[in-house]
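**Q** Sharing a structure here in structure tokens format.
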Amino acid sequence: MEGPQQYTASSRTVPSSDPSCRGHFLLVEASIFAMLFKTFIPLLTLALTVYAGPPLSKRATCSNGRTASDSKCCVWYDVLDDIQASDGLFQGGQCGEDAHQSLRLTFHDAIGFSPALTNQGSFGGGGADGSIMAHSDVELTYAENFGMDDIVELQRTFALRHNVSFGDFIQFAGAVGVSNCDGGPRLQFLAGRSNVSQASPDNLVPSPADTVDAILDRMSDAGFSAAEVVDLLASHSVAAQEHLDTTIVGSPLDSTPSVFDAQFFVETLLNGTAFPGDSSSGFAEEKSPLVGEFRMTSDAELARDSRTACEWQSFVTNQALMVSKFEAVMAKLAVLGQDTSTLIDCSDVIPNPKAAASNVAKLPAGKTLADIDASCAETPFPSLSADSGMCAQILRGDGIYY
């Protein structure tokens, strides 16, 4: 291979007045310029290539002129239109009972996942795989899934109509449903789960009657920290009970069940005064601070446990933090047991929720800070204003005030 060319000055001295001197240097300059020009052109071409960057990816065009990051996401716009229709799953985009139940179903399907069982040589469940719908004849017989049959069968109709997997539909419906709630999160949605699954083992869904130790142990097995358990419970800000106390079906867990706000985290810390139903016979039920509001045993104990109390309290004056942490932990829950490298991000199909009215929760009317059972040893409970009026009114799921 030819070596690099060397350019050295001549030892011959030429007077500057000699016409040949100027000619000599002109020849040298021309030679050097030609060499540099040949070198510069490839470098310029390379520079343009580097700085031009990759071409912009073209978005797929879907129905009604909408676009998606991938053509495989287009079907989800059609599903969205269907479930948000006035006669659809969410009755025109409401944050009602079916939205609440759809969000709950995302958890009941996904939490069927136990690495501990797998390590013991048993089937540990497939996580967010749609098995609660595919194997409803098995999983809906489990005690902790009692009452999920209505929402499972409602959703099944839509999943079959659009030929999408049960696992995908469950997570999509939960994300869309909670986006209908004022102040709600915009959850990530990854599509592409297989419709092949096995029935999840029993006893993997925590019970509201479980101790804090039992709940944290079960959730730790699935990969969640104590703080992330609290983050997941932001879902209870838009929740109501149906089967724990059948004398008050539809009783909410906080005073604003259609708003994704921090009231749940305040009201669970208020001292309970009475059972909201006809008696104290409700399952996993504690005394509530407000007429018509239901309090689960697990919520009451997690709000006051030293491992979870400070995370609980942190949301009282920071609804935006509550939303961001809920989005993060739901992104984790929604892919339990799944190979995310095979999934497609279709999050841009999820609607943008309305903004929250306030970032700070309030004390219900008639309550003061003296009614708060502050449980975070590290940080004093914040000062809160109270709603006006003599006492709080709770709106039931059927639209009637208690």
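Ligands are numbered from 1 in the order shown, residues from 1 within each chain, and chains are lettered A, B, ... in the order they appear in the structure tokens.
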Return as JSON lines the residues of region 140-232 of chain A lying at most 12 Å from region 313-322 of chain A, together with the closest atom-to-atom pair for each and the distance in Å to one decimal, counting only C-alpha atoms, with rows in chain order and ascending residue number.
**A**
{"residue": "A:Asp182", "atom": "CA", "partner": "A:Gln319", "partner_atom": "CA", "distance": 11.8}
{"residue": "A:Gly183", "atom": "CA", "partner": "A:Gln319", "partner_atom": "CA", "distance": 8.4}
{"residue": "A:Gly184", "atom": "CA", "partner": "A:Ala320", "partner_atom": "CA", "distance": 9.7}
{"residue": "A:Pro185", "atom": "CA", "partner": "A:Met322", "partner_atom": "CA", "distance": 9.2}
{"residue": "A:Ala227", "atom": "CA", "partner": "A:Ser314", "partner_atom": "CA", "distance": 10.7}
{"residue": "A:Glu228", "atom": "CA", "partner": "A:Met322", "partner_atom": "CA", "distance": 11.0}
{"residue": "A:Val230", "atom": "CA", "partner": "A:Met322", "partner_atom": "CA", "distance": 9.6}
{"residue": "A:Asp231", "atom": "CA", "partner": "A:Met322", "partner_atom": "CA", "distance": 7.0}
{"residue": "A:Leu232", "atom": "CA", "partner": "A:Met322", "partner_atom": "CA", "distance": 9.5}
**Q** So that I can see what lies close to Phe166 (chain A), please list as a count of residues only the residues with an atom at most 12 Å from it, counting only C-alpha atoms and leaving out residues fewer than 5 positions away in the same chain.
**A** 33
**Q** Please, which residues in region 68-97 of chain A fall within 12 Å of region 337-349 of chain A when counting only C-alpha atoms, and what is the closest atom pair and distance in Å to one decimal for each, ordered by chain then residue number, as a Markdown table?
**A**
| residue | atom | partner | partner_atom | distance |
| --- | --- | --- | --- | --- |
| A:Ala68 | CA | A:Asp348 | CA | 6.7 |
| A:Ser69 | CA | A:Cys346 | CA | 7.1 |
| A:Asp70 | CA | A:Cys346 | CA | 7.5 |
| A:Ser71 | CA | A:Cys346 | CA | 9.6 |
| A:Lys72 | CA | A:Ile344 | CA | 7.9 |
| A:Cys73 | CA | A:Cys346 | CA | 5.4 |
| A:Cys74 | CA | A:Val349 | CA | 8.4 |
| A:Val75 | CA | A:Val349 | CA | 9.7 |
| A:Trp76 | CA | A:Val349 | CA | 6.8 |
| A:Tyr77 | CA | A:Val349 | CA | 6.2 |
| A:Asp78 | CA | A:Val349 | CA | 9.9 |
| A:Val79 | CA | A:Val349 | CA | 9.9 |
| A:Leu80 | CA | A:Val349 | CA | 7.9 |
| A:Asp81 | CA | A:Val349 | CA | 10.5 |
**Q** Those same residues, written as a tab-separated table (two decimals), in the first residue's frame with all heavy atoms?
**A**
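Done, and the output landed in again.tsv:
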chain	number	residue	atom	x	y	z
A	68	ALA	N	-51.05	7.37	14.63
A	68	ALA	CA	-50.44	6.58	15.70
A	68	ALA	C	-48.98	6.32	15.36
A	68	ALA	O	-48.57	6.41	14.20
A	68	ALA	CB	-51.18	5.26	15.89
A	69	SER	N	-48.21	6.00	16.36
A	69	SER	CA	-46.78	5.75	16.17
A	69	SER	C	-46.54	4.47	15.39
A	69	SER	O	-45.49	4.29	14.79
A	69	SER	CB	-46.08	5.67	17.52
A	69	SER	OG	-46.66	4.66	18.32
A	70	ASP	N	-47.53	3.57	15.38
A	70	ASP	CA	-47.39	2.28	14.69
A	70	ASP	C	-48.77	1.91	14.13
A	70	ASP	O	-49.79	2.10	14.80
A	70	ASP	CB	-46.90	1.21	15.67
A	70	ASP	CG	-46.46	-0.07	14.98
A	70	ASP	OD1	-47.34	-0.76	14.43
A	70	ASP	OD2	-45.26	-0.39	15.00
A	71	SER	N	-48.79	1.35	12.95
A	71	SER	CA	-50.07	0.99	12.33
A	71	SER	C	-50.84	-0.04	13.16
A	71	SER	O	-52.07	-0.10	13.10
A	71	SER	CB	-49.83	0.45	10.92
A	71	SER	OG	-49.02	-0.71	10.95
A	72	LYS	N	-50.12	-0.83	13.95
A	72	LYS	CA	-50.78	-1.82	14.78
A	72	LYS	C	-51.57	-1.20	15.93
A	72	LYS	O	-52.36	-1.88	16.59
A	72	LYS	CB	-49.75	-2.82	15.33
A	72	LYS	CG	-49.13	-3.70	14.24
A	72	LYS	CD	-48.10	-4.66	14.81
A	72	LYS	CE	-47.47	-5.50	13.70
A	72	LYS	NZ	-46.41	-6.41	14.23
A	73	CYS	N	-51.34	0.09	16.16
A	73	CYS	CA	-52.08	0.81	17.21
A	73	CYS	C	-53.43	1.30	16.71
A	73	CYS	O	-54.28	1.68	17.52
A	73	CYS	CB	-51.27	1.99	17.73
A	73	CYS	SG	-49.70	1.56	18.52
A	74	CYS	N	-53.63	1.33	15.40
A	74	CYS	CA	-54.85	1.92	14.84
A	74	CYS	C	-56.13	1.25	15.34
A	74	CYS	O	-57.15	1.92	15.54
A	74	CYS	CB	-54.80	1.89	13.31
A	74	CYS	SG	-53.64	3.10	12.59
A	75	VAL	N	-56.08	-0.06	15.53
A	75	VAL	CA	-57.27	-0.76	15.99
A	75	VAL	C	-57.76	-0.22	17.33
A	75	VAL	O	-58.96	-0.23	17.63
A	75	VAL	CB	-57.00	-2.29	16.10
A	75	VAL	CG1	-55.94	-2.59	17.16
A	75	VAL	CG2	-58.28	-3.05	16.42
A	76	TRP	N	-56.82	0.31	18.12
A	76	TRP	CA	-57.21	0.79	19.46
A	76	TRP	C	-58.00	2.09	19.40
A	76	TRP	O	-58.75	2.39	20.33
A	76	TRP	CB	-55.97	0.91	20.34
A	76	TRP	CG	-55.40	-0.46	20.60
A	76	TRP	CD1	-54.30	-1.02	20.06
A	76	TRP	CD2	-55.98	-1.47	21.45
A	76	TRP	NE1	-54.14	-2.31	20.50
A	76	TRP	CE2	-55.15	-2.61	21.36
A	76	TRP	CE3	-57.10	-1.51	22.27
A	76	TRP	CZ2	-55.42	-3.77	22.06
A	76	TRP	CZ3	-57.37	-2.67	22.97
A	76	TRP	CH2	-56.54	-3.79	22.86
A	77	TYR	N	-57.88	2.85	18.32
A	77	TYR	CA	-58.76	4.01	18.15
A	77	TYR	C	-60.20	3.54	17.93
A	77	TYR	O	-61.16	4.14	18.43
A	77	TYR	CB	-58.32	4.85	16.96
A	77	TYR	CG	-57.19	5.81	17.27
A	77	TYR	CD1	-55.97	5.73	16.59
A	77	TYR	CD2	-57.33	6.81	18.24
A	77	TYR	CE1	-54.93	6.61	16.86
A	77	TYR	CE2	-56.30	7.70	18.51
A	77	TYR	CZ	-55.10	7.59	17.82
A	77	TYR	OH	-54.09	8.47	18.10
A	78	ASP	N	-60.36	2.44	17.20
A	78	ASP	CA	-61.69	1.90	16.98
A	78	ASP	C	-62.27	1.35	18.28
A	78	ASP	O	-63.46	1.53	18.57
A	78	ASP	CB	-61.64	0.79	15.92
A	78	ASP	CG	-61.13	1.30	14.58
A	78	ASP	OD1	-61.34	2.49	14.28
A	78	ASP	OD2	-60.50	0.50	13.84
A	79	VAL	N	-61.43	0.69	19.07
A	79	VAL	CA	-61.88	0.21	20.38
A	79	VAL	C	-62.26	1.39	21.27
A	79	VAL	O	-63.29	1.37	21.96
A	79	VAL	CB	-60.77	-0.63	21.05
A	79	VAL	CG1	-61.22	-1.08	22.45
A	79	VAL	CG2	-60.40	-1.84	20.21
A	80	LEU	N	-61.44	2.44	21.22
A	80	LEU	CA	-61.71	3.63	22.03
A	80	LEU	C	-63.08	4.22	21.69
A	80	LEU	O	-63.87	4.53	22.59
A	80	LEU	CB	-60.62	4.67	21.78
A	80	LEU	CG	-60.79	6.03	22.48
A	80	LEU	CD1	-60.63	5.87	23.99
A	80	LEU	CD2	-59.76	7.04	21.94
A	81	ASP	N	-63.35	4.38	20.41
A	81	ASP	CA	-64.64	4.93	19.99
A	81	ASP	C	-65.79	4.07	20.50
A	81	ASP	O	-66.84	4.59	20.93
A	81	ASP	CB	-64.72	4.99	18.46
A	81	ASP	CG	-63.76	6.02	17.87
A	81	ASP	OD1	-63.30	6.90	18.62
A	81	ASP	OD2	-63.47	5.93	16.66
**Q** Where does DSSP see helix (DSSP H, G or I) in region 246-344 of chain A, if you list the residues as a PyMOL selection string?
**A** chain A and resi 246-248+263-267+297-302+309-314+319-333+340-342
**Q** What gap, in Å, lies between CA of Met148 (chain A) and CA of His162 (chain A)?
**A**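 Answer for the CA of Met148 (chain A) to CA of His162 (chain A) separation: 21.8 Å.
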**Q** As an exercise, work out the distance from CA of Gly177 (chain A) to CA of His108 (chain A) in Å and give it to one decimal place.
**A**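 So the two atoms, CA of Gly177 (chain A) and CA of His108 (chain A), lie 15.7 Å apart.
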**Q** Identify which of the residues A:Gly125, A:Gly277, A:Pro208, A:Gly93 lies closest to Ser258 (chain A), counting only C-alpha atoms when measuring atom-to-atom distances.
**A** A:Gly93
**Q** Give the strand (DSSP E or B) residues of region 115-325 of chain A, as assigned by DSSP on the backbone, as a PyMOL selection string.
**A** chain A and resi 182+190-191+240-241+251-252+259+270+274+285-286+288+295-296
**Q** Would you mind reading off the distance between CA of Ser383 (chain A) and CA of Leu269 (chain A), one decimal, in Å?
**A**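 It comes out at 13.8 Å.
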**Q** Leaving out Phe265 (chain A) and any residue of its chain fewer than 3 positions from it, which residues lie within 12 Å of it when counting only C-alpha atoms, given as an MDAnalysis selection string?
**A** chainID A and resid 230:231 233:238 253:256 260:262 268:270 295 299:300 302:304 308:319 322 360:363 372:375 381
